[in-house]
file structure07.cif (mmCIF, C-alpha atoms and all ligand atoms)
data_data
loop_
_atom_site.label_atom_id
_atom_site.label_comp_id
_atom_site.auth_asym_id
_atom_site.auth_seq_id
_atom_site.Cartn_x
_atom_site.Cartn_y
_atom_site.Cartn_z
CA MET O 241 45.18 20.65 -7.23
CA ASN O 242 42.13 19.30 -5.42
CA THR O 243 40.45 16.04 -6.35
CA ASP O 244 37.71 17.62 -8.44
CA GLN O 245 40.26 19.60 -10.46
CA LEU O 246 42.29 16.46 -10.93
CA VAL O 247 39.27 14.59 -12.31
CA ARG O 248 38.39 17.47 -14.63
CA THR O 249 41.96 17.77 -15.92
CA PHE O 250 42.10 14.03 -16.59
CA LEU O 251 38.77 13.89 -18.42
CA GLU O 252 39.47 17.01 -20.49
CA TYR O 253 42.91 15.77 -21.48
CA TYR O 254 41.55 12.50 -22.80
CA GLN O 255 38.59 14.17 -24.44
CA GLU O 256 41.06 16.45 -26.26
CA HIS O 257 42.71 13.26 -27.49
CA GLY O 258 39.47 11.94 -28.99
CA HIS O 259 38.08 9.94 -26.04
CA HIS O 260 34.38 9.86 -25.20
CA ARG O 261 33.38 10.12 -21.60
CA ILE O 262 31.24 7.22 -20.41
CA THR O 263 29.26 7.14 -17.20
CA GLY O 264 30.81 4.98 -14.49
CA SER O 265 28.80 1.97 -13.30
CA THR O 266 27.68 1.28 -9.75
CA LEU O 267 29.63 -1.06 -7.47
CA ILE O 268 27.23 -3.86 -8.37
CA PRO O 269 28.32 -5.96 -11.34
CA PRO O 270 25.70 -7.16 -13.84
CA PRO O 271 23.79 -10.39 -13.00
CA GLY O 272 25.77 -13.53 -13.73
CA ASP O 273 29.11 -11.84 -13.15
CA PRO O 274 31.11 -13.94 -10.67
CA VAL O 275 32.70 -11.08 -8.70
CA LEU O 276 30.96 -9.40 -5.76
CA PHE O 277 31.84 -5.82 -6.60
CA THR O 278 33.18 -3.78 -9.51
CA THR O 279 36.92 -3.98 -8.95
CA SER O 280 38.26 -1.73 -11.68
CA GLY O 281 37.23 0.58 -14.48
CA MET O 282 37.68 -2.13 -17.09
CA HIS O 283 35.32 -4.51 -15.39
CA PRO O 284 32.03 -3.14 -16.77
CA LEU O 285 33.75 -2.82 -20.17
CA THR O 286 34.69 -6.48 -20.48
CA PRO O 287 32.34 -7.26 -23.43
CA TYR O 288 33.83 -4.34 -25.38
CA LEU O 289 37.39 -5.39 -24.65
CA GLU O 290 36.37 -8.78 -25.99
CA GLY O 291 35.31 -7.28 -29.31
CA ARG O 292 31.71 -6.03 -29.06
CA PRO O 293 31.63 -2.54 -30.67
CA HIS O 294 31.05 0.19 -28.09
CA PRO O 295 28.33 2.69 -29.12
CA LEU O 296 30.60 5.63 -28.23
CA GLY O 297 33.59 4.46 -30.22
CA ARG O 298 37.06 3.09 -29.68
CA ARG O 299 38.44 5.69 -27.27
CA LEU O 300 36.78 5.99 -23.89
CA VAL O 301 37.44 7.71 -20.59
CA ASN O 302 35.63 7.64 -17.24
CA VAL O 303 35.65 7.70 -13.45
CA GLN O 304 34.63 4.41 -11.84
CA ARG O 305 34.03 3.62 -8.19
CA CYS O 306 35.63 0.34 -7.18
CA LEU O 307 35.79 -1.97 -4.19
CA ARG O 308 38.43 -4.67 -3.80
CA THR O 309 37.71 -7.15 -1.05
CA THR O 310 41.28 -8.42 -1.44
CA ASP O 311 42.50 -5.06 -0.13
CA LEU O 312 40.29 -5.01 2.98
CA ASP O 313 43.06 -6.05 5.33
CA GLU O 314 45.42 -3.45 3.91
CA VAL O 315 43.08 -0.58 4.76
CA GLY O 316 44.67 1.59 7.42
CA ASP O 317 48.06 1.67 5.69
CA LEU O 318 49.04 4.77 3.73
CA THR O 319 47.75 3.82 0.29
CA HIS O 320 44.66 1.56 0.42
CA LEU O 321 41.00 2.42 0.69
CA THR O 322 38.01 0.08 0.66
CA VAL O 323 35.96 2.07 -1.84
CA PHE O 324 38.08 4.16 -4.12
CA GLU O 325 37.72 5.82 -7.49
CA MET O 326 39.65 4.97 -10.57
CA LEU O 327 40.25 7.27 -13.49
CA GLY O 328 40.37 5.14 -16.63
CA SER O 329 41.12 5.44 -20.32
CA TRP O 330 40.63 2.82 -23.01
CA SER O 331 41.69 2.08 -26.50
CA LEU O 332 39.30 -0.57 -27.83
CA GLY O 333 41.44 -1.97 -30.61
CA ASP O 334 42.55 1.56 -31.56
CA TYR O 335 45.96 2.98 -30.52
CA GLU O 336 48.66 0.83 -28.91
CA GLY O 337 50.40 0.74 -25.53
CA PRO O 338 53.31 3.12 -26.25
CA GLN O 339 50.90 5.87 -27.31
CA SER O 340 48.96 5.37 -24.08
CA LEU O 341 52.11 5.55 -21.98
CA ASP O 342 53.33 8.65 -23.80
CA TRP O 343 50.04 10.46 -23.13
CA GLY O 344 50.11 9.26 -19.53
CA TYR O 345 53.63 10.59 -19.00
CA ARG O 346 52.74 13.96 -20.49
CA LEU O 347 49.60 14.31 -18.41
CA LEU O 348 51.47 13.46 -15.22
CA THR O 349 54.35 15.82 -15.86
CA ASP O 350 52.89 18.73 -17.88
CA GLY O 351 49.26 18.45 -16.71
CA PHE O 352 49.67 17.54 -13.04
CA GLY O 353 53.15 18.98 -12.56
CA VAL O 354 54.84 15.81 -11.35
CA ASP O 355 58.64 16.12 -11.38
CA PRO O 356 59.86 13.58 -14.01
CA GLY O 357 62.79 12.78 -11.68
CA ARG O 358 60.32 11.25 -9.21
CA LEU O 359 59.05 8.66 -11.70
CA HIS O 360 59.99 5.04 -12.12
CA VAL O 361 58.16 2.46 -14.20
CA THR O 362 57.92 -1.29 -14.44
CA VAL O 363 57.51 -3.29 -17.64
CA PHE O 364 56.71 -6.94 -18.37
CA GLY O 365 59.97 -8.83 -18.87
CA GLY O 366 58.46 -11.89 -20.62
CA ASP O 367 57.73 -15.46 -19.57
CA GLU O 368 57.38 -18.81 -21.29
CA GLN O 369 54.02 -17.83 -22.84
CA VAL O 370 54.47 -14.17 -23.81
CA GLY O 371 57.62 -12.30 -24.83
CA PRO O 372 58.93 -9.11 -23.19
CA ASP O 373 56.98 -5.91 -23.76
CA THR O 374 59.59 -4.21 -25.92
CA GLY O 375 57.19 -1.48 -27.14
CA SER O 376 56.74 -0.14 -23.60
CA LEU O 377 60.41 -0.58 -22.78
CA GLU O 378 61.53 1.47 -25.79
CA LEU O 379 59.00 4.21 -25.10
CA TRP O 380 60.21 4.66 -21.52
CA GLU O 381 63.86 4.54 -22.53
CA GLY O 382 63.14 7.25 -25.10
CA LEU O 383 61.57 9.42 -22.38
CA GLY O 384 64.49 8.78 -20.02
CA VAL O 385 62.36 7.19 -17.27
CA PRO O 386 64.06 4.39 -15.32
CA VAL O 387 62.55 0.95 -15.97
CA GLU O 388 62.43 -2.21 -13.88
CA LEU O 389 61.46 -5.45 -15.61
CA THR O 390 59.30 -7.92 -13.70
CA VAL O 391 57.17 -10.93 -14.63
CA GLU O 392 54.20 -11.61 -12.27
CA ASP O 393 53.92 -7.98 -11.09
CA ASN O 394 53.52 -6.82 -14.67
CA TRP O 395 50.76 -9.16 -15.74
CA TRP O 396 47.22 -7.94 -15.13
CA SER O 397 44.01 -9.95 -15.09
CA ASN O 398 40.64 -9.46 -13.50
CA GLY O 399 40.37 -13.09 -12.46
CA PRO O 400 41.75 -16.54 -13.24
CA THR O 401 40.20 -16.51 -16.73
CA GLY O 402 39.19 -13.77 -19.18
CA PRO O 403 40.90 -10.74 -20.72
CA CYS O 404 44.42 -10.08 -19.48
CA GLY O 405 47.79 -8.87 -20.62
CA PRO O 406 51.17 -7.40 -19.78
CA ASP O 407 51.12 -4.04 -18.07
CA SER O 408 53.39 -1.12 -17.42
CA GLU O 409 53.00 0.53 -14.04
CA ILE O 410 54.01 4.09 -13.22
CA PHE O 411 55.38 4.76 -9.73
CA LEU O 412 55.93 8.01 -7.91
CA TRP O 413 58.70 8.52 -5.34
CA THR O 414 57.24 9.50 -1.97
CA GLY O 415 60.42 9.59 0.13
CA ASP O 416 61.97 12.72 1.71
CA THR O 417 65.36 11.79 0.29
CA PRO O 418 66.26 11.68 -3.42
CA PRO O 419 64.78 8.62 -5.20
CA GLU O 420 66.64 5.37 -4.78
CA SER O 421 66.28 1.67 -5.54
CA THR O 422 63.37 0.39 -7.68
CA PRO O 423 59.62 -0.15 -7.21
CA THR O 424 60.05 -3.75 -6.07
CA GLY O 425 63.02 -2.80 -3.86
CA ASP O 426 61.61 0.14 -1.89
CA ASP O 427 57.99 0.74 -0.95
CA ARG O 428 58.44 4.50 -0.99
CA TRP O 429 57.81 4.00 -4.70
CA VAL O 430 54.01 4.11 -4.85
CA GLU O 431 52.12 2.85 -7.88
CA VAL O 432 49.79 5.46 -9.31
CA TRP O 433 48.86 4.39 -12.82
CA ASN O 434 48.63 1.09 -14.58
CA HIS O 435 48.51 0.70 -18.36
CA VAL O 436 47.44 -2.79 -19.39
CA MET O 437 48.07 -4.08 -22.90
CA MET O 438 44.85 -6.07 -22.83
CA ARG O 439 45.21 -8.37 -25.78
CA HIS O 440 44.97 -11.92 -24.43
CA ARG O 441 42.26 -14.09 -22.99
CA ARG O 442 43.11 -16.81 -20.49
CA LEU O 443 41.09 -19.99 -20.90
CA ASP O 444 40.08 -22.50 -18.21
CA ASP O 445 43.09 -24.70 -18.97
CA GLY O 446 45.47 -21.76 -18.35
CA SER O 447 46.36 -21.28 -21.99
CA LEU O 448 46.25 -17.87 -23.68
CA VAL O 449 44.51 -16.94 -26.91
CA PRO O 450 44.58 -13.53 -28.59
CA LEU O 451 41.54 -11.29 -28.07
CA PRO O 452 39.84 -10.24 -31.32
CA GLN O 453 41.43 -6.79 -30.89
CA ARG O 454 44.47 -5.24 -29.21
CA ASN O 455 43.22 -2.98 -26.39
CA VAL O 456 44.79 -0.69 -23.85
CA ASP O 457 43.14 -0.36 -20.43
CA THR O 458 44.51 2.17 -17.97
CA GLY O 459 43.57 2.82 -14.37
CA LEU O 460 44.78 5.60 -12.08
CA GLY O 461 43.87 5.54 -8.38
CA LEU O 462 42.25 8.92 -7.80
CA GLU O 463 42.65 9.38 -4.04
CA ARG O 464 46.19 8.05 -4.15
CA LEU O 465 47.38 10.46 -6.81
CA SER O 466 45.39 13.26 -5.24
CA SER O 467 47.05 12.83 -1.85
CA LEU O 468 50.50 12.69 -3.45
CA LEU O 469 49.87 15.83 -5.49
CA GLN O 470 48.60 17.55 -2.36
CA GLY O 471 51.78 16.57 -0.52
CA ARG O 472 49.84 14.47 2.02
CA SER O 473 51.39 11.35 3.40
CA SER O 474 48.33 9.09 3.19
CA VAL O 475 45.18 8.60 1.12
CA PHE O 476 43.15 9.48 4.21
CA GLU O 477 44.54 12.97 4.16
CA CYS O 478 43.48 13.97 0.66
CA ASP O 479 40.67 16.48 0.39
CA VAL O 480 37.87 13.89 -0.08
CA PHE O 481 38.38 13.04 3.59
CA ASP O 482 38.42 16.63 4.83
CA PRO O 483 34.84 16.55 6.19
CA TRP O 484 35.53 13.23 7.92
CA ARG O 485 38.71 14.53 9.52
CA ARG O 486 36.92 17.66 10.63
CA LEU O 487 33.75 16.11 12.05
CA LEU O 488 34.76 12.70 13.41
CA PRO O 489 37.42 13.65 16.02
CA PRO O 490 35.13 15.97 18.04
CA LEU O 491 32.50 13.22 18.03
CA TRP O 492 34.76 10.25 18.72
CA PRO O 493 38.34 11.03 19.80
CA LEU O 494 40.32 8.29 18.04
CA ASP O 495 44.00 7.56 17.46
CA GLU O 496 45.18 8.06 13.86
CA PRO O 497 44.93 4.40 12.68
CA SER O 498 41.44 4.08 14.18
CA LEU O 499 40.35 7.37 12.63
CA ARG O 500 41.50 6.06 9.25
CA LEU O 501 39.68 2.79 9.63
CA VAL O 502 36.47 4.33 10.90
CA GLY O 503 36.49 7.07 8.23
CA ASP O 504 37.26 4.67 5.41
CA HIS O 505 34.81 1.96 6.45
CA LEU O 506 31.93 4.31 7.15
CA ARG O 507 32.43 6.21 3.92
CA SER O 508 32.63 2.91 2.02
CA ALA O 509 29.58 1.55 3.82
CA VAL O 510 27.58 4.62 2.80
CA VAL O 511 28.54 4.12 -0.85
CA VAL O 512 27.76 0.40 -0.75
CA ILE O 513 24.37 1.10 0.86
CA GLY O 514 23.79 3.88 -1.68
CA ASP O 515 24.29 1.29 -4.43
CA GLY O 516 21.54 -0.86 -2.95
CA VAL O 517 23.35 -3.39 -0.72
CA ARG O 518 21.98 -4.23 2.75
CA PRO O 519 23.81 -6.09 5.54
CA SER O 520 23.43 -9.86 5.41
CA ASN O 521 25.36 -13.02 6.14
CA THR O 522 26.46 -13.72 2.59
CA GLY O 523 28.06 -12.07 -0.41
CA ARG O 524 27.99 -8.31 -0.77
CA GLY O 525 25.82 -7.90 2.30
CA TYR O 526 28.41 -9.70 4.38
CA VAL O 527 31.18 -7.40 3.19
CA LEU O 528 29.04 -4.47 4.32
CA ARG O 529 28.32 -6.18 7.64
CA ARG O 530 32.04 -6.77 8.19
CA LEU O 531 32.82 -3.12 7.50
CA LEU O 532 30.25 -1.93 10.02
CA ARG O 533 31.23 -4.45 12.68
CA ARG O 534 34.85 -3.44 12.40
CA VAL O 535 33.83 0.17 12.88
CA LEU O 536 31.68 -0.67 15.88
CA THR O 537 34.38 -2.83 17.44
CA VAL O 538 36.85 0.05 17.23
CA LEU O 539 34.36 2.65 18.46
CA ARG O 540 33.10 0.57 21.38
CA ARG O 541 36.60 -0.38 22.50
CA ASP O 542 37.04 3.02 24.16
CA ASP O 543 33.45 3.92 24.88
CA PRO O 544 30.49 1.50 24.78
CA GLY O 545 28.12 4.46 24.54
CA ARG O 546 29.22 5.40 21.02
CA GLY O 547 26.61 4.89 18.32
CA LEU O 548 26.26 5.31 14.56
CA GLY O 549 23.08 7.32 15.04
CA ASP O 550 25.37 10.22 16.04
CA LEU O 551 27.08 10.34 12.66
CA PRO O 552 26.62 13.90 11.32
CA GLU O 553 24.21 14.12 8.43
CA GLU O 554 26.78 16.23 6.55
CA LEU O 555 29.03 13.18 6.20
CA LEU O 556 26.25 11.01 4.80
CA ARG O 557 25.14 13.73 2.41
CA HIS O 558 28.67 14.65 1.31
CA THR O 559 29.41 11.03 0.43
CA LEU O 560 26.11 10.36 -1.34
CA ASP O 561 26.50 13.60 -3.32
CA HIS O 562 30.09 12.85 -4.23
CA PHE O 563 29.07 9.49 -5.70
CA ARG O 564 25.89 10.96 -7.22
CA GLN O 565 23.66 8.58 -5.27
CA GLU O 566 20.05 9.46 -4.74
CA LEU O 567 19.24 7.58 -1.55
CA PRO O 568 18.10 9.95 1.23
CA PRO O 569 20.61 10.18 4.12
CA GLU O 570 17.86 9.09 6.59
CA VAL O 571 17.60 5.73 4.81
CA VAL O 572 21.34 5.19 5.15
CA ARG O 573 21.20 6.16 8.80
CA ARG O 574 18.37 3.68 9.42
CA VAL O 575 20.43 0.84 7.86
CA LEU O 576 23.39 1.79 10.06
CA ILE O 577 21.30 1.93 13.21
CA ASP O 578 19.55 -1.40 12.50
CA GLU O 579 22.88 -3.07 11.92
CA GLU O 580 24.24 -1.57 15.11
CA ARG O 581 21.32 -3.05 17.02
CA ARG O 582 22.07 -6.49 15.61
CA PHE O 583 25.67 -6.05 16.61
CA ASP O 584 24.66 -5.17 20.17
CA LEU O 585 22.64 -8.36 20.39
CA LEU O 586 25.66 -10.26 19.13
CA LEU O 587 27.82 -8.67 21.80
CA GLU O 588 25.38 -9.75 24.48
CA ARG O 589 25.38 -13.27 23.12
CA GLY O 590 29.18 -13.19 22.97
CA ARG O 591 29.45 -12.27 26.63
CA ARG O 592 27.02 -15.04 27.57
CA VAL O 593 28.77 -17.72 25.51
CA LEU O 594 32.22 -16.70 26.70
CA SER O 595 31.16 -16.97 30.31
CA ARG O 596 30.63 -20.75 29.87
CA PRO O 597 33.18 -22.85 31.74
CA ARG O 598 34.49 -24.29 28.44
CA PHE O 599 35.88 -20.87 27.47
CA ARG O 600 37.32 -19.79 30.81
CA GLY O 601 40.94 -20.65 29.98
CA PRO O 602 43.00 -19.41 27.03
CA LEU O 603 41.15 -19.80 23.71
CA SER O 604 42.56 -22.15 21.08
CA GLU O 605 42.28 -21.65 17.32
CA ASP O 606 39.57 -24.34 17.34
CA ASP O 607 37.61 -22.39 19.95
CA LEU O 608 37.85 -19.24 17.83
CA HIS O 609 36.62 -21.12 14.76
CA TYR O 610 33.79 -22.68 16.74
CA LEU O 611 32.75 -19.34 18.20
CA HIS O 612 32.73 -17.83 14.76
CA ASP O 613 31.05 -20.65 12.85
CA THR O 614 28.48 -21.68 15.45
CA HIS O 615 27.74 -18.43 17.26
CA GLY O 616 28.63 -15.86 14.58
CA LEU O 617 31.18 -14.24 16.90
CA PRO O 618 34.01 -12.67 14.89
CA ARG O 619 37.51 -13.36 16.10
CA GLU O 620 38.27 -9.67 16.67
CA LEU O 621 35.17 -9.30 18.79
CA VAL O 622 35.92 -12.40 20.87
CA LEU O 623 39.48 -11.28 21.52
CA ASP O 624 38.22 -7.85 22.46
CA LEU O 625 35.63 -9.26 24.82
CA ARG O 626 38.30 -11.43 26.45
CA GLY O 627 40.63 -8.50 26.82
CA ALA O 628 37.91 -6.42 28.47
N1 LIG H 701 42.61 -2.80 -15.01
C1 LIG H 701 43.84 -2.21 -14.57
C2 LIG H 701 43.88 -2.05 -13.07
O1 LIG H 701 42.86 -2.18 -12.43
C3 LIG H 701 44.03 -0.90 -15.23
O2 LIG H 701 42.83 -0.20 -15.20
O3 LIG H 701 44.92 -1.79 -12.53
#
call {"tool": "encode", "arguments": {"input": "structure07.cif", "output": "structure tokens", "more": "lines below"}}
Ligand code: SER
result
Amino acid sequence: MNTDQLVRTFLEYYQEHGHHRITGSTLIPPPGDPVLFTTSGMHPLTPYLEGRPHPLGRRLVNVQRCLRTTDLDEVGDLTHLTVFEMLGSWSLGDYEGPQSLDWGYRLLTDGFGVDPGRLHVTVFGGDEQVGPDTGSLELWEGLGVPVELTVEDNWWSNGPTGPCGPDSEIFLWTGDTPPESTPTGDDRWVEVWNHVMMRHRRLDDGSLVPLPQRNVDTGLGLERLSSLLQGRSSVFECDVFDPWRRLLPPLWPLDEPSLRLVGDHLRSAVVVIGDGVRPSNTGRGYVLRRLLRRVLTVLRRDDPGRGLGDLPEELLRHTLDHFRQELPPEVVRRVLIDEERRFDLLLERGRRVLSRPRFRGPLSEDDLHYLHDTHGLPRELVLDLRGA
């Protein structure tokens, strides 16, 4: 099943169960929202989870692009991407958690063909504020799926305050041997789908109050499930990356981890630019700048002649089309090239500053901080320049 088929199957399944499809938002949260980027499908729906009636009803489904800055350092491993898509379903004060889990289980096994023997789930075991999630526990026991109870790992929130609740996470076994251990005991269990019983609100003082309605918010990482269903060992090998894996290596021969980083960061940068962000020294623009500088650092390590202007148009177009963004590819290319120029100037400055007598010996942590804060020289770049 390719990624498009997976999306269609998901949407149709939920539509058959009375859900209305809503259009996903961009990566840019509404003004006044404290987060930099949309981090999950529920994020743009916060007012409706808090009780405002949604014009399309109480059952919703969508595909939402997300960016989690907290995951940036994980990118390059087998399961994390910078920009990823999340398939989501919601009950806005309608059906309860066990119903959501039951539908989820059936879609995974009957719809996507996942072997039930490769599933494990986790359920909230209870803490001093909220009791154990017995509804989810009983549902899973009834379906014969092994359950692990945890506390912190099964509590979901989008920030320190706001809507939150216990969750039940569904894991898929990715090992070559028969499944063993539990999700917290073996990282060959990979989380694919989270069902949050979103019925509390955390206040500034840490206390919890009930939301006006009992919601369910689910999120399924599209590229992650897609790669697992396609029998690929990493998210970078699912079909959405096919054009990148075909066109990047002839242009820039890279080792596998570098290919992953460059492919992920450039694809993410295109989406972020397509949503209207431009490189800058603060906020969203700085995240974009960091992505591009990491790419350039990796590319230039082996060959200083490499440049983003060489990026095939097909990759820009494929990404913009996939995310239904209307920006012309030439505009994206111009942003990339301008940023590259700024980076080149920074490199020149870096070489000049590092040639000062003060920096001739080994660099201390203080030196690295100073070089970053005063001269805008990222640590990675300084260490690279020193190694050269
Ligand atoms: N909000 C939950 C998550 O992001 C489920 O969608 O995991």
call {"tool": "closest_atom_pairs", "arguments": {"input": "structure07.cif", "of": "chain O", "to": "ligand LIG 701 (chain H)", "cutoff": "8 Å", "atoms": "only C-alpha atoms and all ligand atoms", "output": "tab-separated table"}}
result
residue	atom	partner	partner_atom	distance
O:Thr279	CA	H:LIG701	O1	7.1
O:Ser280	CA	H:LIG701	O1	4.7
O:Gly281	CA	H:LIG701	O2	5.7
O:Met282	CA	H:LIG701	N1	5.4
O:His283	CA	H:LIG701	N1	7.5
O:Met326	CA	H:LIG701	O2	7.6
O:Gly328	CA	H:LIG701	O2	6.1
O:Ser329	CA	H:LIG701	O2	7.8
O:Trp396	CA	H:LIG701	C1	6.7
O:Ser397	CA	H:LIG701	N1	7.3
O:Asn398	CA	H:LIG701	N1	7.1
O:Trp433	CA	H:LIG701	O3	7.3
O:Asn434	CA	H:LIG701	C3	5.1
O:His435	CA	H:LIG701	C3	5.7
O:Val436	CA	H:LIG701	C3	5.7
O:Asp457	CA	H:LIG701	O2	5.2
O:Thr458	CA	H:LIG701	O2	4.0
O:Gly459	CA	H:LIG701	O2	3.2
O:Leu460	CA	H:LIG701	O2	6.9
call {"tool": "closest_residue", "arguments": {"input": "structure07.cif", "among": "O:His615, O:Met241, O:Leu359, O:Gly425", "to": "Glu588 of chain O", "atoms": "only C-alpha atoms"}}
result
O:His615
call {"tool": "atom_distance", "arguments": {"input": "structure07.cif", "atom1": "atom CA of Ile268 of chain O", "atom2": "atom CA of Gln453 of chain O"}}
result
26.8 Å
call {"tool": "closest_residue", "arguments": {"input": "structure07.cif", "among": "O:Leu621, O:Leu412, O:Thr263, O:Thr278", "to": "Thr309 of chain O", "atoms": "only C-alpha atoms"}}
result
O:Thr278
call {"tool": "closest_residue", "arguments": {"input": "structure07.cif", "among": "O:Asp515, O:Asp427, O:Glu496, O:Glu566", "to": "Trp413 of chain O", "atoms": "only C-alpha atoms"}}
result
O:Asp427
call {"tool": "residues_around", "arguments": {"input": "structure07.cif", "residues": "Trp380 of chain O", "least_positions_apart": "3", "cutoff": "9 Å", "atoms": "only C-alpha atoms", "output": "ChimeraX atom specification"}}
result
/O:338,341-342,361,375-377,383-387
call {"tool": "write_last_selection", "arguments": {"input": "structure07.cif", "atoms": "C-alpha atoms", "output": "compact mmCIF listing (two decimals), keeping the file's coordinate frame"}}
result
# COMPACT_ATOMS: atom_id res chain seq x y z
CA PRO O 338 53.31 3.12 -26.25
CA LEU O 341 52.11 5.55 -21.98
CA ASP O 342 53.33 8.65 -23.80
CA VAL O 361 58.16 2.46 -14.20
CA GLY O 375 57.19 -1.48 -27.14
CA SER O 376 56.74 -0.14 -23.60
CA LEU O 377 60.41 -0.58 -22.78
CA LEU O 383 61.57 9.42 -22.38
CA GLY O 384 64.49 8.78 -20.02
CA VAL O 385 62.36 7.19 -17.27
CA PRO O 386 64.06 4.39 -15.32
CA VAL O 387 62.55 0.95 -15.97
call {"tool": "residues_around", "arguments": {"input": "structure07.cif", "residues": "Pro450 of chain O", "least_positions_apart": "5", "cutoff": "10 Å", "atoms": "all atoms listed in the file", "output": "number ranges by chain"}}
result
O: 290, 403-405, 438-442
call {"tool": "closest_residue", "arguments": {"input": "structure07.cif", "among": "O:His320, O:Val456, O:Asn242, O:Thr522", "to": "Asp504 of chain O", "atoms": "all atoms listed in the file"}}
result
O:His320
call {"tool": "closest_residue", "arguments": {"input": "structure07.cif", "among": "O:His505, O:Asp561, O:Glu570, O:Tyr526", "to": "Val538 of chain O", "atoms": "only C-alpha atoms"}}
result
O:His505
call {"tool": "closest_residue", "arguments": {"input": "structure07.cif", "among": "O:Ile410, O:Met437, O:Leu462, O:Leu451", "to": "Asn302 of chain O", "atoms": "only C-alpha atoms"}}
result
O:Leu462
call {"tool": "atom_distance", "arguments": {"input": "structure07.cif", "atom1": "atom CA of Thr349 of chain O", "atom2": "atom CA of Leu468 of chain O"}}
result
13.4 Å
call {"tool": "atom_distance", "arguments": {"input": "structure07.cif", "atom1": "atom CA of Glu314 of chain O", "atom2": "atom CA of Pro618 of chain O"}}
result
18.3 Å
call {"tool": "residues_around", "arguments": {"input": "structure07.cif", "residues": "Glu336 of chain O", "least_positions_apart": "3", "cutoff": "8 Å", "atoms": "all atoms listed in the file", "output": "list of chain:residue names"}}
result
O:Ser331, O:Gly333, O:Gln339, O:Ser340, O:Met437, O:Arg454, O:Asn455, O:Val456
call {"tool": "residues_around", "arguments": {"input": "structure07.cif", "residues": "Asp426 of chain O", "least_positions_apart": "5", "cutoff": "10 Å", "atoms": "only C-alpha atoms", "output": "list in words"}}
result
Trp413, Gly415, Pro419, Glu420 and Ser421 of chain O
call {"tool": "residues_around", "arguments": {"input": "structure07.cif", "residues": "Leu567 of chain O", "least_positions_apart": "2", "cutoff": "10 Å", "atoms": "all atoms listed in the file", "output": "number ranges by chain"}}
result
O: 510-511, 513-516, 557, 560-561, 564-565, 569-572
